[in-house]
Amino acid sequence: MSRIDDTFARLAETDGKAFVTYMMGCDPDFDRSLEIMRGLPGAGVDIIELGMPFTDPMADGATIQAAGQRALAAGGSVSRVLDMVRAFRVQDDATPIVLMGYYNPIYAREGGVDRFIAEAVEAGVDGLIVVDLPPEEDAELCLPARQAGLNFIRLATPTTDDQRLPAVVRNTSGFVYYVSVTGITGGPAANAAEVAPEVARIRASAKLPVVVGFGISTPQAAQAVAAVADGCVVGSAIVKLIGEGRPVPEVLSFVADLAQGAHHR
């Protein structure tokens, strides 16, 4: 079992819900980003999604686009994000880490997919979310990653109908990430009443935990969405504070408030 599987198994023992946070690796720079990352578990984060900066992040809104630009300007790259994971693992060998990003920087990097997978495993990565690789391209990265022991986490959306869903979840592992709203990150607020039947439909098909992201920015929203899913993801609201240059303790305090909402029963 992966760290991700272990986390959901542990939470299931008490009917707990996973609180997942997204942050862009190397935003605004390597050291500050690592400091925030190291503080997340203590703030109540169960799984960390770490963004790999890319010049053309088509699924992301302005807040995360800006984070990617800051990270790139500070020397951020796939290699530096992997260095962040290695540094994090020196102090924390338990918290699951999921790298989230796009295929181009993986494919175009020297050594390509094979090198990326080998280094991700060596660094201590647990899973991948690569938003622009559909199931038809599973042989490119999904299947080799799974063979190496990495979870490959797929996105399902409000437009993923019953005909498409089996293909989406076929080679998914760890959990399914349900995008609660149509559009990009940082968009409209998630509606728990609309999310609930979609989560049930995906669970029935995937036989995996379903974690809901996009449109969650307050403890109240985290609580409402986590109540109808296996967990929730908050990204843009945290990245916004980082972009504003807020002190690390303030960022982590905000995260802790969100975690209390997600974990509240």
# chains A, B, ... in the order shown; residues from 1 in each chain; ligands from 1
$ closest_atom_pairs --of "region 53-99 of chain A" --to "region 106-121 of chain A" --cutoff "12 Å" --atoms "only C-alpha atoms" --output "CSV"
residue,atom,partner,partner_atom,distance
A:Pro53,CA,A:Ile106,CA,10.9
A:Phe54,CA,A:Ile106,CA,10.1
A:Ser77,CA,A:Arg109,CA,9.7
A:Val78,CA,A:Ile106,CA,7.3
A:Ser79,CA,A:Phe116,CA,8.8
A:Arg80,CA,A:Glu119,CA,11.5
A:Val81,CA,A:Ala120,CA,9.8
A:Leu82,CA,A:Ala120,CA,6.7
A:Asp83,CA,A:Glu119,CA,9.7
A:Met84,CA,A:Ala120,CA,11.1
A:Val85,CA,A:Ala120,CA,8.6
A:Arg86,CA,A:Ala120,CA,9.3
A:Arg89,CA,A:Val121,CA,11.9
A:Ile97,CA,A:Ala120,CA,10.2
A:Val98,CA,A:Ala120,CA,10.0
A:Leu99,CA,A:Ala120,CA,8.9
$ write_last_selection --atoms "N, CA, C and O atoms" --output "PDB file, in the first residue's frame"
ATOM      1  N   PRO A  53       5.827  23.949 -11.751  1.00  0.00           N
ATOM      2  CA  PRO A  53       5.562  25.144 -12.554  1.00  0.00           C
ATOM      3  C   PRO A  53       5.715  24.893 -14.046  1.00  0.00           C
ATOM      4  O   PRO A  53       6.606  24.165 -14.484  1.00  0.00           O
ATOM      5  N   PHE A  54       4.810  25.517 -14.807  1.00  0.00           N
ATOM      6  CA  PHE A  54       4.781  25.346 -16.261  1.00  0.00           C
ATOM      7  C   PHE A  54       4.301  26.650 -16.873  1.00  0.00           C
ATOM      8  O   PHE A  54       3.492  27.372 -16.282  1.00  0.00           O
ATOM      9  N   SER A  77      11.517  24.457 -11.295  1.00  0.00           N
ATOM     10  CA  SER A  77      11.494  23.497 -12.399  1.00  0.00           C
ATOM     11  C   SER A  77      11.067  22.151 -11.826  1.00  0.00           C
ATOM     12  O   SER A  77      10.936  21.994 -10.604  1.00  0.00           O
ATOM     13  N   VAL A  78      10.872  21.180 -12.697  1.00  0.00           N
ATOM     14  CA  VAL A  78      10.582  19.828 -12.221  1.00  0.00           C
ATOM     15  C   VAL A  78      11.711  19.346 -11.299  1.00  0.00           C
ATOM     16  O   VAL A  78      11.461  18.779 -10.226  1.00  0.00           O
ATOM     17  N   SER A  79      12.942  19.587 -11.685  1.00  0.00           N
ATOM     18  CA  SER A  79      14.079  19.133 -10.871  1.00  0.00           C
ATOM     19  C   SER A  79      14.083  19.781  -9.494  1.00  0.00           C
ATOM     20  O   SER A  79      14.347  19.111  -8.479  1.00  0.00           O
ATOM     21  N   ARG A  80      13.794  21.078  -9.447  1.00  0.00           N
ATOM     22  CA  ARG A  80      13.802  21.772  -8.155  1.00  0.00           C
ATOM     23  C   ARG A  80      12.626  21.343  -7.283  1.00  0.00           C
ATOM     24  O   ARG A  80      12.746  21.275  -6.055  1.00  0.00           O
ATOM     25  N   VAL A  81      11.501  21.043  -7.894  1.00  0.00           N
ATOM     26  CA  VAL A  81      10.367  20.536  -7.115  1.00  0.00           C
ATOM     27  C   VAL A  81      10.707  19.166  -6.527  1.00  0.00           C
ATOM     28  O   VAL A  81      10.378  18.871  -5.372  1.00  0.00           O
ATOM     29  N   LEU A  82      11.371  18.328  -7.295  1.00  0.00           N
ATOM     30  CA  LEU A  82      11.823  17.049  -6.756  1.00  0.00           C
ATOM     31  C   LEU A  82      12.825  17.257  -5.617  1.00  0.00           C
ATOM     32  O   LEU A  82      12.822  16.509  -4.627  1.00  0.00           O
ATOM     33  N   ASP A  83      13.666  18.281  -5.727  1.00  0.00           N
ATOM     34  CA  ASP A  83      14.580  18.618  -4.625  1.00  0.00           C
ATOM     35  C   ASP A  83      13.789  19.016  -3.371  1.00  0.00           C
ATOM     36  O   ASP A  83      14.195  18.688  -2.247  1.00  0.00           O
ATOM     37  N   MET A  84      12.674  19.726  -3.561  1.00  0.00           N
ATOM     38  CA  MET A  84      11.818  20.083  -2.425  1.00  0.00           C
ATOM     39  C   MET A  84      11.297  18.834  -1.730  1.00  0.00           C
ATOM     40  O   MET A  84      11.276  18.748  -0.498  1.00  0.00           O
ATOM     41  N   VAL A  85      10.855  17.869  -2.524  1.00  0.00           N
ATOM     42  CA  VAL A  85      10.333  16.626  -1.946  1.00  0.00           C
ATOM     43  C   VAL A  85      11.425  15.917  -1.145  1.00  0.00           C
ATOM     44  O   VAL A  85      11.193  15.454  -0.019  1.00  0.00           O
ATOM     45  N   ARG A  86      12.625  15.850  -1.716  1.00  0.00           N
ATOM     46  CA  ARG A  86      13.738  15.198  -1.004  1.00  0.00           C
ATOM     47  C   ARG A  86      14.007  15.895   0.331  1.00  0.00           C
ATOM     48  O   ARG A  86      14.208  15.236   1.372  1.00  0.00           O
ATOM     49  N   ARG A  89      11.279  15.115   2.845  1.00  0.00           N
ATOM     50  CA  ARG A  89      11.337  13.738   3.343  1.00  0.00           C
ATOM     51  C   ARG A  89      12.406  13.542   4.428  1.00  0.00           C
ATOM     52  O   ARG A  89      12.324  12.593   5.208  1.00  0.00           O
ATOM     53  N   ILE A  97       2.697  12.823  -0.725  1.00  0.00           N
ATOM     54  CA  ILE A  97       2.953  13.948  -1.628  1.00  0.00           C
ATOM     55  C   ILE A  97       2.532  13.549  -3.035  1.00  0.00           C
ATOM     56  O   ILE A  97       2.957  12.510  -3.559  1.00  0.00           O
ATOM     57  N   VAL A  98       1.706  14.387  -3.636  1.00  0.00           N
ATOM     58  CA  VAL A  98       1.248  14.191  -5.003  1.00  0.00           C
ATOM     59  C   VAL A  98       1.781  15.342  -5.849  1.00  0.00           C
ATOM     60  O   VAL A  98       1.539  16.512  -5.524  1.00  0.00           O
ATOM     61  N   LEU A  99       2.499  15.043  -6.908  1.00  0.00           N
ATOM     62  CA  LEU A  99       2.934  16.087  -7.837  1.00  0.00           C
ATOM     63  C   LEU A  99       1.823  16.347  -8.840  1.00  0.00           C
ATOM     64  O   LEU A  99       1.255  15.407  -9.411  1.00  0.00           O
TER      65      LEU A  99
END
$ residues_around --residues "Leu141 (chain A)" --least-positions-apart "2" --cutoff "9 Å" --atoms "only C-alpha atoms" --output "PDB file with C-alpha atoms, in the first residue's frame"
ATOM      1  CA  TYR A 103       2.995  16.552 -19.328  1.00  0.00           C
ATOM      2  CA  VAL A 113       9.433   9.899 -18.596  1.00  0.00           C
ATOM      3  CA  ASP A 114      11.804   7.159 -17.443  1.00  0.00           C
ATOM      4  CA  ILE A 117       9.507   8.334 -12.709  1.00  0.00           C
ATOM      5  CA  VAL A 130      -1.106  15.192 -14.902  1.00  0.00           C
ATOM      6  CA  LEU A 133      -2.972  13.325 -20.270  1.00  0.00           C
ATOM      7  CA  GLU A 137      -2.573   8.209 -23.470  1.00  0.00           C
ATOM      8  CA  ASP A 138      -2.167   5.935 -20.425  1.00  0.00           C
ATOM      9  CA  ALA A 139       0.827   4.171 -21.992  1.00  0.00           C
ATOM     10  CA  LEU A 143       0.988   2.776 -16.720  1.00  0.00           C
ATOM     11  CA  PRO A 144       4.780   3.121 -16.275  1.00  0.00           C
ATOM     12  CA  ALA A 145       4.188   5.240 -13.154  1.00  0.00           C
ATOM     13  CA  ARG A 146       1.833   2.684 -11.666  1.00  0.00           C
ATOM     14  CA  PHE A 152      -1.858   7.947 -10.877  1.00  0.00           C
TER      15      PHE A 152
END
$ select_by_dssp --residues "region 37-180 of chain A" --states "helix (DSSP H, G or I)" --output "tab-separated table (two decimals) with N, CA and C atoms, in the first residue's frame"
chain	number	residue	atom	x	y	z
A	37	MET	N	5.70	24.20	3.08
A	37	MET	CA	5.40	22.78	2.89
A	37	MET	C	5.66	21.99	4.17
A	38	ARG	N	6.78	22.27	4.82
A	38	ARG	CA	7.11	21.55	6.05
A	38	ARG	C	6.11	21.82	7.17
A	39	GLY	N	5.45	22.97	7.12
A	39	GLY	CA	4.48	23.32	8.16
A	39	GLY	C	3.09	22.77	7.93
A	41	PRO	N	1.73	19.59	7.46
A	41	PRO	CA	1.21	18.49	8.28
A	41	PRO	C	0.82	18.94	9.69
A	42	GLY	N	1.63	19.79	10.30
A	42	GLY	CA	1.31	20.29	11.63
A	42	GLY	C	0.07	21.15	11.67
A	43	ALA	N	-0.30	21.71	10.51
A	43	ALA	CA	-1.51	22.51	10.40
A	43	ALA	C	-2.75	21.66	10.10
A	62	ALA	N	-6.07	32.62	-12.68
A	62	ALA	CA	-5.03	33.64	-12.59
A	62	ALA	C	-4.14	33.48	-11.37
A	63	THR	N	-4.71	33.06	-10.25
A	63	THR	CA	-3.93	32.96	-9.01
A	63	THR	C	-2.82	31.93	-9.15
A	64	ILE	N	-3.15	30.74	-9.65
A	64	ILE	CA	-2.13	29.70	-9.77
A	64	ILE	C	-1.23	29.95	-10.98
A	65	GLN	N	-1.76	30.56	-12.02
A	65	GLN	CA	-0.89	30.97	-13.13
A	65	GLN	C	0.22	31.90	-12.63
A	66	ALA	N	-0.17	32.87	-11.80
A	66	ALA	CA	0.80	33.82	-11.26
A	66	ALA	C	1.82	33.11	-10.37
A	67	ALA	N	1.36	32.12	-9.61
A	67	ALA	CA	2.28	31.35	-8.76
A	67	ALA	C	3.30	30.63	-9.61
A	68	GLY	N	2.86	30.06	-10.72
A	68	GLY	CA	3.78	29.38	-11.62
A	68	GLY	C	4.81	30.34	-12.20
A	69	GLN	N	4.38	31.53	-12.54
A	69	GLN	CA	5.32	32.52	-13.07
A	69	GLN	C	6.34	32.94	-12.01
A	70	ARG	N	5.88	33.12	-10.77
A	70	ARG	CA	6.81	33.47	-9.69
A	70	ARG	C	7.82	32.34	-9.49
A	71	ALA	N	7.33	31.11	-9.51
A	71	ALA	CA	8.22	29.96	-9.30
A	71	ALA	C	9.25	29.85	-10.42
A	72	LEU	N	8.81	30.01	-11.66
A	72	LEU	CA	9.74	29.94	-12.79
A	72	LEU	C	10.78	31.05	-12.70
A	73	ALA	N	10.35	32.25	-12.31
A	73	ALA	CA	11.28	33.37	-12.20
A	73	ALA	C	12.31	33.13	-11.10
A	78	VAL	N	10.87	21.18	-12.70
A	78	VAL	CA	10.58	19.83	-12.22
A	78	VAL	C	11.71	19.35	-11.30
A	79	SER	N	12.94	19.59	-11.69
A	79	SER	CA	14.08	19.13	-10.87
A	79	SER	C	14.08	19.78	-9.49
A	80	ARG	N	13.79	21.08	-9.45
A	80	ARG	CA	13.80	21.77	-8.15
A	80	ARG	C	12.63	21.34	-7.28
A	81	VAL	N	11.50	21.04	-7.89
A	81	VAL	CA	10.37	20.54	-7.12
A	81	VAL	C	10.71	19.17	-6.53
A	82	LEU	N	11.37	18.33	-7.30
A	82	LEU	CA	11.82	17.05	-6.76
A	82	LEU	C	12.82	17.26	-5.62
A	83	ASP	N	13.67	18.28	-5.73
A	83	ASP	CA	14.58	18.62	-4.63
A	83	ASP	C	13.79	19.02	-3.37
A	84	MET	N	12.67	19.73	-3.56
A	84	MET	CA	11.82	20.08	-2.42
A	84	MET	C	11.30	18.83	-1.73
A	85	VAL	N	10.85	17.87	-2.52
A	85	VAL	CA	10.33	16.63	-1.95
A	85	VAL	C	11.43	15.92	-1.15
A	86	ARG	N	12.62	15.85	-1.72
A	86	ARG	CA	13.74	15.20	-1.00
A	86	ARG	C	14.01	15.89	0.33
A	87	ALA	N	14.03	17.22	0.31
A	87	ALA	CA	14.28	17.98	1.54
A	87	ALA	C	13.17	17.77	2.56
A	88	PHE	N	11.93	17.72	2.10
A	88	PHE	CA	10.79	17.48	2.98
A	88	PHE	C	10.88	16.11	3.62
A	89	ARG	N	11.28	15.12	2.85
A	89	ARG	CA	11.34	13.74	3.34
A	89	ARG	C	12.41	13.54	4.43
A	90	VAL	N	13.36	14.43	4.52
A	90	VAL	CA	14.36	14.34	5.59
A	90	VAL	C	13.68	14.43	6.95
A	91	GLN	N	12.61	15.24	7.03
A	91	GLN	CA	11.92	15.45	8.30
A	91	GLN	C	10.59	14.72	8.39
A	103	TYR	N	2.10	17.57	-18.77
A	103	TYR	CA	2.99	16.55	-19.33
A	103	TYR	C	4.23	17.16	-19.99
A	104	ASN	N	4.11	18.33	-20.57
A	104	ASN	CA	5.22	18.89	-21.35
A	104	ASN	C	6.54	18.97	-20.56
A	105	PRO	N	6.56	19.53	-19.33
A	105	PRO	CA	7.83	19.62	-18.62
A	105	PRO	C	8.41	18.26	-18.23
A	106	ILE	N	7.54	17.24	-18.15
A	106	ILE	CA	8.01	15.89	-17.85
A	106	ILE	C	8.63	15.28	-19.11
A	107	TYR	N	7.89	15.36	-20.20
A	107	TYR	CA	8.31	14.74	-21.46
A	107	TYR	C	9.55	15.42	-22.05
A	112	GLY	N	13.41	12.33	-20.07
A	112	GLY	CA	12.00	12.08	-20.30
A	112	GLY	C	11.29	11.37	-19.16
A	113	VAL	N	10.32	10.56	-19.55
A	113	VAL	CA	9.43	9.90	-18.60
A	113	VAL	C	10.20	8.95	-17.68
A	114	ASP	N	11.10	8.16	-18.24
A	114	ASP	CA	11.80	7.16	-17.44
A	114	ASP	C	12.59	7.81	-16.31
A	115	ARG	N	13.30	8.88	-16.63
A	115	ARG	CA	14.07	9.57	-15.60
A	115	ARG	C	13.15	10.20	-14.57
A	116	PHE	N	12.07	10.80	-15.04
A	116	PHE	CA	11.14	11.46	-14.12
A	116	PHE	C	10.57	10.47	-13.12
A	117	ILE	N	10.10	9.33	-13.60
A	117	ILE	CA	9.51	8.33	-12.71
A	117	ILE	C	10.54	7.83	-11.70
A	118	ALA	N	11.73	7.52	-12.19
A	118	ALA	CA	12.77	7.01	-11.29
A	118	ALA	C	13.11	8.03	-10.21
A	119	GLU	N	13.24	9.31	-10.60
A	119	GLU	CA	13.60	10.34	-9.63
A	119	GLU	C	12.44	10.64	-8.69
A	120	ALA	N	11.21	10.57	-9.18
A	120	ALA	CA	10.05	10.81	-8.32
A	120	ALA	C	9.97	9.75	-7.23
A	121	VAL	N	10.17	8.49	-7.61
A	121	VAL	CA	10.14	7.41	-6.63
A	121	VAL	C	11.28	7.58	-5.62
A	122	GLU	N	12.47	7.87	-6.13
A	122	GLU	CA	13.64	8.04	-5.25
A	122	GLU	C	13.44	9.21	-4.28
A	123	ALA	N	12.80	10.29	-4.75
A	123	ALA	CA	12.63	11.48	-3.92
A	123	ALA	C	11.60	11.27	-2.82
A	135	PRO	N	-7.11	9.38	-20.66
A	135	PRO	CA	-6.93	7.91	-20.56
A	135	PRO	C	-6.39	7.27	-21.84
A	136	GLU	N	-6.69	7.86	-22.98
A	136	GLU	CA	-6.19	7.31	-24.25
A	136	GLU	C	-4.67	7.32	-24.32
A	137	GLU	N	-4.04	8.11	-23.47
A	137	GLU	CA	-2.57	8.21	-23.47
A	137	GLU	C	-1.96	7.53	-22.25
A	142	CYS	N	0.96	7.07	-17.30
A	142	CYS	CA	0.15	6.44	-16.25
A	142	CYS	C	0.60	5.02	-15.94
A	143	LEU	N	0.66	4.18	-16.95
A	143	LEU	CA	0.99	2.78	-16.72
A	143	LEU	C	2.42	2.58	-16.23
A	144	PRO	N	3.42	3.26	-16.82
A	144	PRO	CA	4.78	3.12	-16.27
A	144	PRO	C	4.88	3.63	-14.83
A	145	ALA	N	4.16	4.70	-14.52
A	145	ALA	CA	4.19	5.24	-13.15
A	145	ALA	C	3.60	4.24	-12.17
A	146	ARG	N	2.46	3.67	-12.54
A	146	ARG	CA	1.83	2.68	-11.67
A	146	ARG	C	2.73	1.46	-11.46
A	147	GLN	N	3.39	1.04	-12.53
A	147	GLN	CA	4.29	-0.11	-12.43
A	147	GLN	C	5.44	0.17	-11.46
A	165	LEU	N	-16.97	7.79	-17.87
A	165	LEU	CA	-16.40	7.55	-16.54
A	165	LEU	C	-15.57	6.27	-16.44
A	166	PRO	N	-16.01	5.12	-16.98
A	166	PRO	CA	-15.19	3.91	-16.85
A	166	PRO	C	-13.78	4.07	-17.41
A	167	ALA	N	-13.63	4.78	-18.51
A	167	ALA	CA	-12.30	5.01	-19.08
A	167	ALA	C	-11.45	5.89	-18.16
A	168	VAL	N	-12.10	6.88	-17.56
A	168	VAL	CA	-11.38	7.81	-16.68
A	168	VAL	C	-10.82	7.09	-15.46
A	169	VAL	N	-11.60	6.18	-14.88
A	169	VAL	CA	-11.19	5.56	-13.62
A	169	VAL	C	-10.44	4.25	-13.81
$ atom_distance --atom1 "CA of Ser217 (chain A)" --atom2 "CA of Met23 (chain A)"
13.6 Å
$ select_by_dssp --residues "region 94-230 of chain A" --states "strand (DSSP E)" --output "MDAnalysis selection string"
chainID A and resid 97:101 127:130 151:152 155:156 176:179 210:213
$ atom_distance --atom1 "CA of Pro219 (chain A)" --atom2 "CA of Gly243 (chain A)"
20.2 Å
$ residues_around --residues "Phe175 (chain A)" --least-positions-apart "5" --cutoff "12 Å" --atoms "only C-alpha atoms" --output "number ranges by chain"
A: 2-9, 18, 20, 47, 98, 126-129, 151-156, 168-170, 199, 202-203, 206-212, 229-232
$ write_last_selection --atoms "C-alpha atoms" --output "compact mmCIF listing (two decimals), in the first residue's frame"
# COMPACT_ATOMS: atom_id res chain seq x y z
CA SER A 2 1.12 3.54 -0.75
CA ARG A 3 1.19 6.38 1.76
CA ILE A 4 -2.00 7.61 0.09
CA ASP A 5 -3.74 4.26 0.60
CA ASP A 6 -2.52 4.17 4.21
CA THR A 7 -3.89 7.66 4.84
CA PHE A 8 -7.37 6.85 3.57
CA ALA A 9 -7.38 3.53 5.45
CA ALA A 18 -8.90 13.86 4.09
CA VAL A 20 -5.65 18.02 0.89
CA ILE A 47 -2.05 14.97 1.71
CA VAL A 98 1.25 14.19 -5.00
CA ASP A 126 3.54 9.03 -3.83
CA GLY A 127 1.27 10.06 -6.70
CA LEU A 128 0.89 12.09 -9.87
CA ILE A 129 -1.86 14.26 -11.30
CA ASN A 151 -0.47 6.31 -7.75
CA PHE A 152 -1.86 7.95 -10.88
CA ILE A 153 -4.77 10.16 -9.90
CA ARG A 154 -7.27 11.16 -12.53
CA LEU A 155 -9.65 14.10 -12.64
CA ALA A 156 -13.39 13.61 -13.12
CA VAL A 168 -11.38 7.81 -16.68
CA VAL A 169 -11.19 5.56 -13.62
CA ARG A 170 -9.82 2.39 -15.27
CA VAL A 199 -19.35 11.69 -5.65
CA ILE A 202 -17.90 8.09 -9.13
CA ARG A 203 -17.37 6.01 -5.98
CA ALA A 206 -14.10 3.61 -9.27
CA LYS A 207 -14.23 1.79 -5.91
CA LEU A 208 -11.80 4.46 -4.70
CA PRO A 209 -12.00 7.47 -2.38
CA VAL A 210 -13.30 10.61 -4.08
CA VAL A 211 -11.74 13.94 -3.11
CA VAL A 212 -13.35 17.17 -4.25
CA ALA A 229 -17.00 13.19 -0.11
CA ASP A 230 -13.91 11.40 1.19
CA GLY A 231 -12.02 14.66 1.43
CA CYS A 232 -11.55 18.10 -0.07
$ atom_distance --atom1 "CA of Gly261 (chain A)" --atom2 "CA of Ser205 (chain A)"
27.9 Å
$ closest_residue --among "A:Met24, A:Ala256, A:Ala148, A:Ala193" --to "Ile242 (chain A)" --atoms "only C-alpha atoms"
A:Met24
$ decode --residues "region 192-201 of chain A" --atoms "all heavy atoms" --output "PDB file, in the first residue's frame"
ATOM      1  N   ALA A 192     -22.110  21.829  -2.304  1.00  0.00           N
ATOM      2  CA  ALA A 192     -22.073  20.472  -1.759  1.00  0.00           C
ATOM      3  C   ALA A 192     -23.287  19.654  -2.180  1.00  0.00           C
ATOM      4  O   ALA A 192     -23.172  18.438  -2.419  1.00  0.00           O
ATOM      5  CB  ALA A 192     -21.978  20.526  -0.238  1.00  0.00           C
ATOM      6  N   ALA A 193     -24.445  20.298  -2.295  1.00  0.00           N
ATOM      7  CA  ALA A 193     -25.653  19.563  -2.681  1.00  0.00           C
ATOM      8  C   ALA A 193     -25.544  19.022  -4.096  1.00  0.00           C
ATOM      9  O   ALA A 193     -26.054  17.935  -4.403  1.00  0.00           O
ATOM     10  CB  ALA A 193     -26.871  20.475  -2.551  1.00  0.00           C
ATOM     11  N   GLU A 194     -24.868  19.753  -4.974  1.00  0.00           N
ATOM     12  CA  GLU A 194     -24.674  19.280  -6.342  1.00  0.00           C
ATOM     13  C   GLU A 194     -23.544  18.264  -6.421  1.00  0.00           C
ATOM     14  O   GLU A 194     -23.559  17.376  -7.281  1.00  0.00           O
ATOM     15  CB  GLU A 194     -24.364  20.471  -7.252  1.00  0.00           C
ATOM     16  CG  GLU A 194     -25.527  21.462  -7.396  1.00  0.00           C
ATOM     17  CD  GLU A 194     -25.151  22.667  -8.226  1.00  0.00           C
ATOM     18  OE1 GLU A 194     -23.975  22.752  -8.662  1.00  0.00           O
ATOM     19  OE2 GLU A 194     -26.015  23.531  -8.432  1.00  0.00           O
ATOM     20  N   VAL A 195     -22.577  18.390  -5.527  1.00  0.00           N
ATOM     21  CA  VAL A 195     -21.424  17.495  -5.538  1.00  0.00           C
ATOM     22  C   VAL A 195     -21.795  16.096  -5.059  1.00  0.00           C
ATOM     23  O   VAL A 195     -21.301  15.085  -5.585  1.00  0.00           O
ATOM     24  CB  VAL A 195     -20.296  18.090  -4.657  1.00  0.00           C
ATOM     25  CG1 VAL A 195     -19.234  17.042  -4.332  1.00  0.00           C
ATOM     26  CG2 VAL A 195     -19.665  19.295  -5.348  1.00  0.00           C
ATOM     27  N   ALA A 196     -22.665  15.998  -4.060  1.00  0.00           N
ATOM     28  CA  ALA A 196     -22.951  14.724  -3.391  1.00  0.00           C
ATOM     29  C   ALA A 196     -23.337  13.594  -4.348  1.00  0.00           C
ATOM     30  O   ALA A 196     -22.755  12.503  -4.291  1.00  0.00           O
ATOM     31  CB  ALA A 196     -24.026  14.924  -2.321  1.00  0.00           C
ATOM     32  N   PRO A 197     -24.323  13.786  -5.253  1.00  0.00           N
ATOM     33  CA  PRO A 197     -24.675  12.673  -6.143  1.00  0.00           C
ATOM     34  C   PRO A 197     -23.566  12.305  -7.116  1.00  0.00           C
ATOM     35  O   PRO A 197     -23.428  11.129  -7.502  1.00  0.00           O
ATOM     36  CB  PRO A 197     -25.919  13.187  -6.883  1.00  0.00           C
ATOM     37  CG  PRO A 197     -25.884  14.666  -6.748  1.00  0.00           C
ATOM     38  CD  PRO A 197     -25.216  14.947  -5.439  1.00  0.00           C
ATOM     39  N   GLU A 198     -22.744  13.283  -7.504  1.00  0.00           N
ATOM     40  CA  GLU A 198     -21.622  12.994  -8.398  1.00  0.00           C
ATOM     41  C   GLU A 198     -20.567  12.148  -7.694  1.00  0.00           C
ATOM     42  O   GLU A 198     -20.001  11.227  -8.273  1.00  0.00           O
ATOM     43  CB  GLU A 198     -21.011  14.300  -8.910  1.00  0.00           C
ATOM     44  CG  GLU A 198     -21.907  15.058  -9.869  1.00  0.00           C
ATOM     45  CD  GLU A 198     -22.174  14.242 -11.127  1.00  0.00           C
ATOM     46  OE1 GLU A 198     -21.219  13.983 -11.881  1.00  0.00           O
ATOM     47  OE2 GLU A 198     -23.335  13.836 -11.322  1.00  0.00           O
ATOM     48  N   VAL A 199     -20.301  12.471  -6.436  1.00  0.00           N
ATOM     49  CA  VAL A 199     -19.349  11.686  -5.654  1.00  0.00           C
ATOM     50  C   VAL A 199     -19.828  10.244  -5.543  1.00  0.00           C
ATOM     51  O   VAL A 199     -19.049   9.297  -5.725  1.00  0.00           O
ATOM     52  CB  VAL A 199     -19.148  12.313  -4.260  1.00  0.00           C
ATOM     53  CG1 VAL A 199     -18.393  11.348  -3.339  1.00  0.00           C
ATOM     54  CG2 VAL A 199     -18.396  13.634  -4.368  1.00  0.00           C
ATOM     55  N   ALA A 200     -21.110  10.057  -5.249  1.00  0.00           N
ATOM     56  CA  ALA A 200     -21.660   8.707  -5.118  1.00  0.00           C
ATOM     57  C   ALA A 200     -21.537   7.934  -6.432  1.00  0.00           C
ATOM     58  O   ALA A 200     -21.199   6.739  -6.446  1.00  0.00           O
ATOM     59  CB  ALA A 200     -23.119   8.789  -4.675  1.00  0.00           C
ATOM     60  N   ARG A 201     -21.789   8.619  -7.542  1.00  0.00           N
ATOM     61  CA  ARG A 201     -21.703   7.970  -8.858  1.00  0.00           C
ATOM     62  C   ARG A 201     -20.268   7.546  -9.165  1.00  0.00           C
ATOM     63  O   ARG A 201     -20.021   6.435  -9.661  1.00  0.00           O
ATOM     64  CB  ARG A 201     -22.209   8.954  -9.924  1.00  0.00           C
ATOM     65  CG  ARG A 201     -22.215   8.425 -11.347  1.00  0.00           C
ATOM     66  CD  ARG A 201     -22.892   9.421 -12.275  1.00  0.00           C
ATOM     67  NE  ARG A 201     -22.104  10.628 -12.467  1.00  0.00           N
ATOM     68  CZ  ARG A 201     -21.252  10.816 -13.470  1.00  0.00           C
ATOM     69  NH1 ARG A 201     -21.051   9.852 -14.360  1.00  0.00           N
ATOM     70  NH2 ARG A 201     -20.596  11.948 -13.593  1.00  0.00           N
TER      71      ARG A 201
END
